[in-house]
Every structure is written in C-alpha cells, then in structure tokens.
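> Got a structure here, written out as structure tokens. Questions coming.
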Amino acid sequence: MTAPALPAKPKRKRPIGWIVAAAVVVVAIIVAIVVVAVRNGGDDTAGSASSAAPKTVSIGVSDKSLPYWKTYVDLAKKDLNVTVQLKNFSDYSLPNPALKDEQVDLNQFQHIQYLANYNVTSDDDLQPIGATAVYPLPLYSTKVSDVKDFAEGAKIAIPNDAINEARALLVLQSAELLELKDGGNAFSTVADITSHKVDVQPLDASQTANALQQGSVEGSIVNVNFATSAGLDTKDAIFQDDPKSASAAPYVNVFAARNADKDNPTYLALAKLFQDDAVQEVFAKDYPDAVPSDESPAALQQELSAVEKDAKAATK
C-alpha cells in the first residue's frame with residue numbers, strides 16, 4: 001500500500017504590473033551602462049581633457065633644454081593629469097615624419113609655411129592645433145638707420161632657401177623697397193619682383209650676416225639664429241615684419257597633430273596650455289624677440305589650407 005501523495009502546492013501568481021516594472025528597471029540599467037560605455041570609449045572628442053587623456057603624450061621639439069619646457073611639462077601634469085614626454089630633434093627634417101609614423105603624438109618646432117611645404121611635398125595632411133609665437137625676420141644695415149635712406153640700387157642680401165626667400169621678399173615689400181607680383185605670397189621668388197628700389201642679393205642664409213659685416217652689401221636680412229651667432233642684436237634691426245600683419249600669418253609657429261587627431265581634446269588642451277601665464281613668462285625670457293600668438297585652431301587650419309594652395313601653385 002502506497003503512502004498517500006500530498007497535493008502539489010499551488011503556484012503563486014505574480015502581479016503583471018510588478019513584472020512590467022522590473023523589466024523597465026532592467027532596460028533602464030542596460031541603457032545607462034551602454035551610454036556610459038560609449039561616452040568613455042573610443043570617442044575621444046567627448047568628456048573633459050583630463051578624463052579622456054592618455055596618461056602620456058609625446059611631443060617632438062627642437063629646444064628641449066630651454067627652461068620654458070620644464071614649466072610646461074610640470075603644468076601639464078598638475079592641471080591636466082598628463083605626463084608629457086619631450087623628444088628632441090636637431091634636424092628639422094625629422095619631426096614631421098616622426099609624427100606621421102606615430103613616433104610622437106604632437107610636435108612643436110615649425111611655422112605654418114614650413115608645415116604647408118612639408119604636406120605638399122610629402123603628400124601628408126598634418127594639421128596645426130595651437131599657436132605659439134611669431135619670430136620677426138629683421139633687416140640690418142651698417143650704412144643707414146632708416147629704410148628710406150637706402151640709395152637707389154643699394155645691395156640687400158636675403159636668404160636664398162625656399163622657406164626664407166619668400167618671407168625676406170615680403171619684408172622688403174613691407175619696407176617699400178620692392179614690389180611683388182600680385183602682392184606676393186609665402187612662395188614668392190626673386191622672379192616675382194615687378195619693381196624695386198634696391199638690388200636683391202640671394203645668399204645662403206648662413207652668409208647673410210657675413211656679407212653685411214664685410215661690407216659687400218648695404219643691408220641684409222638675417223635669420224635670428226644666424227644674427228645671434230654673428231653678434232647682431234635684434235634691437236639694432238632697422239626693420240622687421242609685423243607679426244600681426246596678414247603677410248606674417250604663414251609664419252606663426254604651431255603645435256601640429258595628425259589629421260585624425262586634430263580634434264582630440266587632450267591634444268587641444270596641451271596646445272592651449274602654452275598660453276598659460278606661467279609658461280609665457282618663462283618663454284619670454286627664453287625667446288625675448290618672439291611675439292606670442294593665440295590664433296585658434298580653426299584659423300590656423302584655414303591659413304594652412306591657403307598656404308598649401310600657394311605651395312601647389314608654386315610647383316607648377
């Protein structure tokens with residue numbers, strides 16, 4: 001005889017409303033998780049610079065030993081929680097290829113005209129994301145103290161390399177010593193001179209100071225580094241380009257990034273950090289002749305596009 005079976009316990013029915021409410025909560029949690037993941041994930045344009053920043057950013061430079069960089073690096077760590085590693089290059093031809101090949105994240109050593117020339121000749125698309133300064137290009141003379149006093153046909157030496165020749169010609173045009181075809185641009189050459197009061201003598205940039213000091217020319221445009229080596233004080237220059245003029249726009253020095261990173265908030269924050277008062281104070285001591293610039297990334301990129309157009313036209 002078998003034991004009597006107990007009746008099965010009746011199943012308790014859960015209210016439908018409770019089930020719906022639970023489902024809504026679960027869905028809300030999943031949506032919240034997805035949103036947070038998207039915001040903190042691959043999109044580096046969202047969030048603050050410090051929260052989205054990589055722990056380390058490498059910057060290619062040509063003057064790592066100068067004190068303003070220590071101030072900058074310390075401030076980047078303090079304000080942005082970013083460790084900046086500086087990689088020094090003694091050869092100007094190396095920082096842009098290093099940036100392209102992702103050996104560094106940014107670089108800061110060049111002006112827009114140099115960057116445009118590199119992009120066009122190398123079929124690259126590096127972009128400026130922040131300005132630093134303009135270094136005026138000075139005209140010296142041991143004969144006169146005012147550009148108006150140059151005699152007709154006076155010899156003026158200028159650098160003969162493609163980067164500096166055009167700028168030197170623009171300086172002389174600003175000084176009303178010559179005129180260039182269509183007003184000139186960042187790639188003008190002596191062939192574009194349409195009228196002139198002085199006789200332009202293109203020389204290797206390293207020889208322009210010597211020509212002046214030896215008396216073979218009445219005036220000379222000398223790059224700041226060669227002027228310093230020759231003992232020329234920029235305060236003795238009789239003329240230089242106006243850093244705020246349209247003709248000086250291609251010569252604003254910049255932080256450059258790969259095109260894919262031009263909107264990276266961390267990189268933009270690092271470029272902007274250069275404008276901090278603490279950095280500017282030391283930078284002014286390191287480069288007393290530099291004129292600070294704070295042009296926006298958009299304005300710099302627009303100028304780059306215009307200069308690249310001139311560069312392409314110059315190669316035709």
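Identifiers for the structure tokens are assigned positionally: chains receive A, B, ... in sequence, residues are indexed from 1 per chain, and ligands are indexed from 1 in the order shown.
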Tell me which protein, DNA and RNA residues are within 8 Å of A:Pro128, counting only C-alpha atoms, leaving out same-chain ones fewer than 2 positions away, and put them as a ChimeraX atom specification.
/A:112,126,130-131,254-257,262,297,300-301,304
> In stretch 189-298 of chain A, what's helix (DSSP H, G or I) per DSSP? Answer as a ChimeraX atom specification?
/A:190-192,205-213,224-229,234-236,246-251,259-261,265-273,277-286,297-298
> Would you compute the distance between atom CA of A:Asn96 and atom CA of A:Ile59? Give it in Å to one decimal.
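Atom CA of A:Ile59 lies at a distance of 11.1 Å from atom CA of A:Asn96.
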> Near A:Asp161, within 12 Å and counting only C-alpha atoms, which residues show up once chain neighbours fewer than 3 positions away are dropped, as JSON, numbers by chain?
{"A": [114, 158, 164, 165, 166, 167, 168, 169, 187, 188, 189, 190, 202, 203, 204, 205, 206, 207, 208, 223]}
> Could you check which of A:Ala278, A:Ile129, A:Ala191, A:Ala230 is closest to A:Tyr68, using only C-alpha atoms?
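Of A:Ala278, A:Ile129, A:Ala191, A:Ala230, the one nearest A:Tyr68, counting only C-alpha atoms, is A:Ala278.
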> Measuring atom to atom with only C-alpha atoms, identify which of A:Leu177, A:Leu99, A:Ile221, A:Ser141 is nearest to A:Pro159.
A:Ile221
> I need the residues in stretch 128-274 of chain A that are strand (DSSP E or B) according to DSSP; give them as a ChimeraX atom specification.
/A:128-134,138-141,155-159,178-180,193-196,199-203,219-221,239-240,252-257
> Could you name the residues that touch A:Ala175 at 12 Å or less, counting only C-alpha atoms, but leaving out those on the same chain fewer than 2 positions away, as a ChimeraX atom specification?
/A:138-139,146-150,168-173,177-179,196-198,221,238-242
> Would you save the residues from that selection as a CSV table (one decimal), in the first residue's frame, using N, CA, C and O atoms?

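Output contents, as saved in result25.csv:
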```
chain,number,residue,atom,x,y,z
A,138,PRO,N,64.4,90.1,-39.2
A,138,PRO,CA,64.9,91.5,-39.2
A,138,PRO,C,65.8,91.9,-40.4
A,138,PRO,O,66.5,91.0,-40.9
A,139,LEU,N,65.8,93.1,-40.7
A,139,LEU,CA,66.6,93.7,-41.7
A,139,LEU,C,67.7,94.6,-41.0
A,139,LEU,O,67.3,95.5,-40.2
A,146,ASP,N,67.5,104.0,-41.4
A,146,ASP,CA,66.1,104.0,-41.8
A,146,ASP,C,66.1,103.5,-43.2
A,146,ASP,O,66.9,103.8,-44.1
A,147,VAL,N,65.1,102.6,-43.5
A,147,VAL,CA,65.0,102.0,-44.8
A,147,VAL,C,64.8,103.1,-45.9
A,147,VAL,O,65.2,102.8,-47.0
A,148,LYS,N,64.3,104.2,-45.5
A,148,LYS,CA,64.1,105.3,-46.5
A,148,LYS,C,65.4,105.9,-47.0
A,148,LYS,O,65.4,106.5,-48.1
A,149,ASP,N,66.5,105.6,-46.3
A,149,ASP,CA,67.8,106.2,-46.6
A,149,ASP,C,68.6,105.3,-47.5
A,149,ASP,O,69.7,105.7,-47.9
A,150,PHE,N,68.1,104.1,-47.9
A,150,PHE,CA,68.9,103.3,-48.9
A,150,PHE,C,68.9,104.0,-50.2
A,150,PHE,O,67.9,104.5,-50.7
A,168,ALA,N,61.6,86.9,-46.8
A,168,ALA,CA,62.5,88.1,-46.9
A,168,ALA,C,62.0,89.1,-47.9
A,168,ALA,O,62.0,90.3,-47.7
A,169,LEU,N,61.5,88.6,-49.0
A,169,LEU,CA,61.0,89.5,-50.1
A,169,LEU,C,59.7,90.2,-49.6
A,169,LEU,O,59.5,91.4,-49.9
A,170,LEU,N,58.9,89.5,-48.8
A,170,LEU,CA,57.7,90.2,-48.2
A,170,LEU,C,58.1,91.3,-47.2
A,170,LEU,O,57.5,92.3,-47.1
A,171,VAL,N,59.2,91.0,-46.5
A,171,VAL,CA,59.7,92.0,-45.6
A,171,VAL,C,60.2,93.3,-46.3
A,171,VAL,O,59.8,94.4,-46.0
A,172,LEU,N,60.9,93.1,-47.4
A,172,LEU,CA,61.4,94.2,-48.2
A,172,LEU,C,60.2,94.9,-48.9
A,172,LEU,O,60.2,96.1,-49.1
A,173,GLN,N,59.2,94.2,-49.3
A,173,GLN,CA,58.0,94.8,-49.8
A,173,GLN,C,57.3,95.7,-48.8
A,173,GLN,O,56.9,96.8,-49.1
A,177,LEU,N,60.6,98.7,-50.4
A,177,LEU,CA,61.9,98.7,-51.2
A,177,LEU,C,61.7,97.9,-52.5
A,177,LEU,O,62.6,98.0,-53.3
A,178,LEU,N,60.6,97.2,-52.6
A,178,LEU,CA,60.3,96.5,-53.9
A,178,LEU,C,58.8,96.1,-53.9
A,178,LEU,O,58.1,96.3,-52.9
A,179,GLU,N,58.4,95.7,-55.0
A,179,GLU,CA,57.0,95.2,-55.2
A,179,GLU,C,57.0,93.8,-55.8
A,179,GLU,O,57.8,93.5,-56.7
A,196,HIS,N,61.6,97.6,-58.1
A,196,HIS,CA,62.5,97.6,-56.9
A,196,HIS,C,63.4,98.9,-56.9
A,196,HIS,O,63.8,99.4,-57.9
A,197,LYS,N,63.6,99.3,-55.7
A,197,LYS,CA,64.5,100.4,-55.4
A,197,LYS,C,65.9,99.8,-55.1
A,197,LYS,O,66.9,100.5,-55.5
A,198,VAL,N,66.0,98.7,-54.5
A,198,VAL,CA,67.2,98.1,-54.1
A,198,VAL,C,67.5,96.9,-55.0
A,198,VAL,O,66.6,96.3,-55.6
A,221,ILE,N,69.0,90.8,-44.6
A,221,ILE,CA,68.0,90.2,-43.8
A,221,ILE,C,68.6,88.9,-43.2
A,221,ILE,O,69.1,88.0,-44.0
A,238,ILE,N,66.8,97.6,-38.4
A,238,ILE,CA,66.2,98.9,-38.9
A,238,ILE,C,64.8,98.6,-39.4
A,238,ILE,O,64.0,99.6,-39.6
A,239,PHE,N,64.4,97.3,-39.6
A,239,PHE,CA,63.1,97.0,-40.0
A,239,PHE,C,62.8,95.5,-39.8
A,239,PHE,O,63.8,94.7,-39.8
A,240,GLN,N,61.6,95.1,-39.5
A,240,GLN,CA,61.2,93.7,-39.5
A,240,GLN,C,59.7,93.6,-39.8
A,240,GLN,O,59.0,94.6,-39.7
A,241,ASP,N,59.3,92.4,-40.1
A,241,ASP,CA,57.9,92.2,-40.5
A,241,ASP,C,57.0,92.4,-39.2
A,241,ASP,O,57.5,92.1,-38.1
A,242,ASP,N,55.8,92.8,-39.5
A,242,ASP,CA,54.8,93.0,-38.4
A,242,ASP,C,54.2,91.6,-38.1
A,242,ASP,O,53.5,91.1,-38.9
```
> List as a list of chain:residue names the protein and nucleic acid residues near A:Gln280, meaning an atom at most 12 Å away when only C-alpha atoms are counted, but skip any in the same chain fewer than 4 places from it.
A:Pro67, A:Tyr68, A:Trp69, A:Thr71, A:Tyr72, A:Thr132, A:Ala133, A:Lys272, A:Leu273, A:Phe274, A:Gln275, A:Asp276, A:Ala284, A:Lys285, A:Asp286, A:Tyr287, A:Pro288, A:Ala290, A:Val291, A:Pro292, A:Ser293, A:Asp294
> So the first atom is atom CA of A:Tyr251 and the second is atom CA of A:Tyr135; what is the distance between them in Å, to one decimal place?
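A separation of 7.7 Å between them.
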> Determine, counting only C-alpha atoms, which protein, DNA and RNA residues have an atom within 8 Å of an atom of stretch 84-90 of chain A; residues of the same chain fewer than 2 positions away are not included. Present the result as an MDAnalysis selection string.
chainID A and resid 56:64 73 76:77 82 92 94:95 104
> Using only C-alpha atoms, which of the listed residues (A:Lys155, A:Thr266, A:Lys312, A:Tyr140) sits closest to A:Ser122?
A:Lys312
> Do you have the atom CA of A:Asp101-atom CA of A:Thr121 distance handy?
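Atom CA of A:Thr121 lies 16.3 Å from atom CA of A:Asp101.
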